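This report refers to the structure that appears directly beneath it.
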Amino acid sequence: MHFRTQPQDSKTVPMYSRSRMTHFNDDTLQQQHHSSTVRPSPRKTLEPVRQILSSSNTRPTPNRGAAIAIVASKRADQVQRTAMMVCGACERELTEDLYSGEHRVLRPSIRRCMDCVASGNQLVLLKKGRTRPEEDECPLCSLPLPLDSDQSSSNPCCLKLICNGCLLAAQKRGIMGKCPFCRTPASDNDQQIIAMMQKRVDAGDPKAMLNLGNQYSCGNFGLVKDVRKSLQLCERAADLGLKDAHYRLGFVYHFGVGVEKDTAKATRHLEAAALGGHVTARHNIGYEAMRAGNHDLAVQHFLISAKLGYQDSLNNVKIIFMQGRATKADYAEALRGHQKAVAEMTSPDRDEAKALGFEKILSVRRAKS
Ligand SMILES: [Zn+2]
Ligand SMILES: [Zn+2]
Ligand SMILES: [Zn+2]
C-alpha cells in the first residue's frame with residue numbers, strides 16, 4: 001500500500017484574505033480523514049515573532065557617596081560593555097556596541113553587526129538553504145520532487161518518496177503490489193506496516209521517526225493516538241537534522257499543538273528547516289518577516305522559495321513589488337527562477353500521473369502487447 005509522506009507540503013494554498021498573502025501551512029490536523037495517507041498539515045496565519053532582548057540596567061543611584069558610585073558605575077559599564085551578541089552574518093560573538101540599535105533588538109538569526117551591514121555580508125539564514133537537498137529528489141527519475149504533496153508517496157518498507165510519474169511508470173511495467181523502489185511486497189496489515197516503520201526507527205532513521213510520529217498523532221494504522229509520543233519521535237528526528245521534522249515542530253510550537261505555545265521556539269525550528277532547504281518553511285519565515293514590517297528581509301526569503309518553485313512566494317514578491325517595496329528586478333528574478341524550478345520538476349510521466357490522479361494510477365494495469 002502507498003501512503004503519502006512528503007518533505008514539502010504545498011497543495012492549493014488559500015490566500016490570506018486582505019493582503020492576499022499566503023501563510024503557514026500544515027495539514028496534519030486533517031490526517032484523521034486519511035487513515036492511510038500521511039501528510040504534513042493545514043495552513044494558518046503566522047504571527048510575527050520579535051525577540052526583545054533584556055538589557056541589564058544595574059547602575060547605582062548617584063547619592064551614595066562619590067567614590068562608591070564611581071566604582072559601581074564603572075562596574076556597571078563593564079557589565080554592559082561585555083554584553084555579548086552573536087552576529088547572524090559573520091557568526092562572531094561581539095559586544096553589543098558593535099551593533100546598531102536597530103539590530104541589537106533583533107533575534108540572533110536576523111541580526112547583523114555594523115561591520116557586516118557596512119560590507120553587505122548577508123545573514124547565514126539567507127546564504128544557506130537556497131537549493132533543495134538531494135533527499136528531495138525522486139530516487140527513480142532523479143528529478144526534484146513536486147512541491148505538491150499529492151504528487152508523491154512512499155511505502156513503509158523504505159520510506160523513499162517516489163513521484164507519481166514513476167509510480168505510474170512502474171504500474172505500466174507490471175510492478176504492482178510492490179514498492180517501486182525496493183520491491184518489498186505491499187501490505188495492508190496495520191501491524192506489519194507499523195512493525196516495518198518501527199524497525200527503521202530502531203535503526204535510527206529520522207524519516208521513519210517523523211513518519212511514525214505522524215501516525216501516532218492521528219492514531220493511524222491501529223495505533224492508540226498519542227500526541228506525546230508523536231512529539232518525542234518528531235524531536236528525535238529534528239535532533240538528527242531532518243528538515244521536515246523541524247518544519248513540523250515549527251507548526252506544533254507555533255500553534256501549541258499538544259505543547260505550550262512557544263513562538264520563539266517555533267521560529268527557531270522554521271529557520272532550521274529553511275536552512276536545510278525546506279521550501280514552505282522558507283516561505284513562512286518570509287511571511288513572518290513581512291508581518292513584522294521587514295519587507296526587505298521578506299523579499300529575500302520569498303525570492304529564495306520562489307526560485308525553488310513555490311508559487312505563493314512568487315505571488316508575494318509580485319504583491320510587494322506592486323506596493324513599491326520590491327524592485328522590478330526582484331520580481332523578474334523571482335519569475336525566471338520560479339519558471340526554471342517548475343520546469344525541472346516536470347516530466348511527461350508526471351504530467352500524465354497528475355491528470356490521472358493518485359487512485360487511478362494504482363488501478364493502471366500493464367498494457368498487453
Ligand atoms: Zn557580523
Ligand atoms: Zn520519479
Ligand atoms: Zn520500499
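Order determines the names: the first chain of the C-alpha cells is A, the second B, and so forth; residues in each chain are numbered 1 upward, and ligands are numbered 1 upward as they are shown.
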Please build the interface table for chain A against ligand 2 with a cut-off of 6 Å, listing for each qualifying residue the nearest atom pair and the distance in Å to one decimal; count only C-alpha atoms and all ligand atoms, order rows by chain and increasing number, and write it as CSV.
```
residue,atom,partner,partner_atom_place_in_ligand_line,distance
A:Cys138,CA,ligand 2,1 (Zn),4.5
A:Leu140,CA,ligand 2,1 (Zn),4.9
A:Cys141,CA,ligand 2,1 (Zn),4.0
A:Ile162,CA,ligand 2,1 (Zn),5.5
A:Cys163,CA,ligand 2,1 (Zn),4.2
A:Gly165,CA,ligand 2,1 (Zn),5.6
A:Cys166,CA,ligand 2,1 (Zn),4.3
```
Item to check | Selection: 12 Å around Ala195 of chain A, only C-alpha atoms, excl. self and same-chain fewer than 4 positions, as a ChimeraX atom specification | outcome: /A:156-157,187,189-191,199-202,208,212,221-223
Could you list, as an mmCIF file with N, CA and C atoms, in the first residue's frame, all the residues within 8 Å of ligand 3, counting only C-alpha atoms and all ligand atoms?
```
data_model
loop_
_atom_site.group_PDB
_atom_site.id
_atom_site.type_symbol
_atom_site.label_atom_id
_atom_site.label_comp_id
_atom_site.auth_asym_id
_atom_site.auth_seq_id
_atom_site.Cartn_x
_atom_site.Cartn_y
_atom_site.Cartn_z
ATOM 1 N N SER A 154 5.126 7.335 -0.459
ATOM 2 C CA SER A 154 6.190 6.420 -0.054
ATOM 3 C C SER A 154 5.571 5.169 0.547
ATOM 4 N N ASN A 155 6.397 4.172 0.746
ATOM 5 C CA ASN A 155 5.962 2.930 1.369
ATOM 6 C C ASN A 155 6.692 2.757 2.687
ATOM 7 N N PRO A 156 6.065 2.029 3.618
ATOM 8 C CA PRO A 156 6.690 1.890 4.940
ATOM 9 C C PRO A 156 7.985 1.074 4.915
ATOM 10 N N CYS A 157 8.210 0.299 3.856
ATOM 11 C CA CYS A 157 9.422 -0.528 3.767
ATOM 12 C C CYS A 157 10.694 0.303 3.769
ATOM 13 N N CYS A 158 10.748 1.321 2.883
ATOM 14 C CA CYS A 158 11.976 2.108 2.749
ATOM 15 C C CYS A 158 11.728 3.596 2.966
ATOM 16 N N LEU A 159 10.439 3.991 2.944
ATOM 17 C CA LEU A 159 10.041 5.395 3.099
ATOM 18 C C LEU A 159 10.659 6.325 2.059
ATOM 19 N N LYS A 160 11.062 5.749 0.921
ATOM 20 C CA LYS A 160 11.581 6.591 -0.164
ATOM 21 C C LYS A 160 10.387 7.261 -0.847
ATOM 22 N N LYS A 178 4.012 -4.013 -5.147
ATOM 23 C CA LYS A 178 5.368 -3.963 -4.581
ATOM 24 C C LYS A 178 5.806 -2.515 -4.512
ATOM 25 N N CYS A 179 6.767 -2.269 -3.656
ATOM 26 C CA CYS A 179 7.338 -0.930 -3.605
ATOM 27 C C CYS A 179 8.147 -0.723 -4.891
ATOM 28 N N PRO A 180 7.895 0.357 -5.644
ATOM 29 C CA PRO A 180 8.640 0.567 -6.893
ATOM 30 C C PRO A 180 10.135 0.775 -6.647
ATOM 31 N N PHE A 181 10.506 1.142 -5.432
ATOM 32 C CA PHE A 181 11.931 1.383 -5.163
ATOM 33 C C PHE A 181 12.645 0.123 -4.679
ATOM 34 N N CYS A 182 12.167 -0.487 -3.569
ATOM 35 C CA CYS A 182 12.917 -1.614 -3.007
ATOM 36 C C CYS A 182 12.250 -2.970 -3.283
ATOM 37 N N ARG A 183 11.095 -2.931 -3.942
ATOM 38 C CA ARG A 183 10.367 -4.141 -4.352
ATOM 39 C C ARG A 183 9.844 -4.981 -3.188
ATOM 40 N N THR A 184 9.733 -4.396 -2.035
ATOM 41 C CA THR A 184 9.123 -5.118 -0.913
ATOM 42 C C THR A 184 7.634 -5.262 -1.200
#
```
Checklist entry - In Å to one decimal, how far is atom CA of Gly258 of chain A from atom CA of Cys218 of chain A? => result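 Those two atoms sit 12.2 Å apart.
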Checklist entry - Given the choices A:Thr131, A:Gln339, A:Gln198, A:Asn121, which gets closest to ligand 1 if the distance is worked out from only C-alpha atoms and all ligand atoms? => result A:Asn121
Next on the checklist: Taking only C-alpha atoms and all ligand atoms and a cut-off of 12 Å, can you tell me which residues surround ligand 1, written as a ChimeraX atom specification?
Outcome noted: /A:85-96,98-100,103-104,108-124
Can you spit out the residues from that selection as an mmCIF file, in the first residue's frame, using C-alpha atoms?
```cif
data_model
loop_
_atom_site.group_PDB
_atom_site.id
_atom_site.type_symbol
_atom_site.label_atom_id
_atom_site.label_comp_id
_atom_site.auth_asym_id
_atom_site.auth_seq_id
_atom_site.Cartn_x
_atom_site.Cartn_y
_atom_site.Cartn_z
ATOM 1 C CA MET A 85 25.789 39.122 20.951
ATOM 2 C CA VAL A 86 26.269 36.740 18.068
ATOM 3 C CA CYS A 87 26.081 38.238 14.588
ATOM 4 C CA GLY A 88 23.777 36.318 12.246
ATOM 5 C CA ALA A 89 26.082 37.018 9.289
ATOM 6 C CA CYS A 90 29.731 36.642 10.394
ATOM 7 C CA GLU A 91 28.697 34.469 13.372
ATOM 8 C CA ARG A 92 31.196 36.236 15.626
ATOM 9 C CA GLU A 93 30.299 36.921 19.225
ATOM 10 C CA LEU A 94 30.704 40.665 19.596
ATOM 11 C CA THR A 95 29.984 43.278 22.225
ATOM 12 C CA GLU A 96 26.634 44.968 21.782
ATOM 13 C CA LEU A 98 29.256 46.877 17.640
ATOM 14 C CA TYR A 99 25.601 46.669 16.609
ATOM 15 C CA SER A 100 23.256 49.490 15.703
ATOM 16 C CA HIS A 103 19.950 45.312 15.043
ATOM 17 C CA ARG A 104 20.529 44.965 18.793
ATOM 18 C CA PRO A 108 20.396 36.386 16.588
ATOM 19 C CA SER A 109 19.478 34.781 13.273
ATOM 20 C CA ILE A 110 18.476 38.101 11.664
ATOM 21 C CA ARG A 111 20.830 40.463 13.496
ATOM 22 C CA ARG A 112 23.989 41.831 11.810
ATOM 23 C CA CYS A 113 26.940 43.671 13.304
ATOM 24 C CA MET A 114 27.829 47.095 11.902
ATOM 25 C CA ASP A 115 30.795 45.618 10.020
ATOM 26 C CA CYS A 116 28.569 43.150 8.200
ATOM 27 C CA VAL A 117 25.953 45.785 7.417
ATOM 28 C CA ALA A 118 28.656 48.085 6.006
ATOM 29 C CA SER A 119 30.310 45.370 3.932
ATOM 30 C CA GLY A 120 26.998 43.872 2.780
ATOM 31 C CA ASN A 121 27.737 40.492 4.369
ATOM 32 C CA GLN A 122 24.471 38.533 4.204
ATOM 33 C CA LEU A 123 22.794 36.622 7.009
ATOM 34 C CA VAL A 124 23.667 32.922 7.174
#
```
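Distance check against Gln151 of chain A using only C-alpha atoms: of A:Leu167, A:Val257, A:Leu242, A:Ala334, the minimum falls on A:Leu167.
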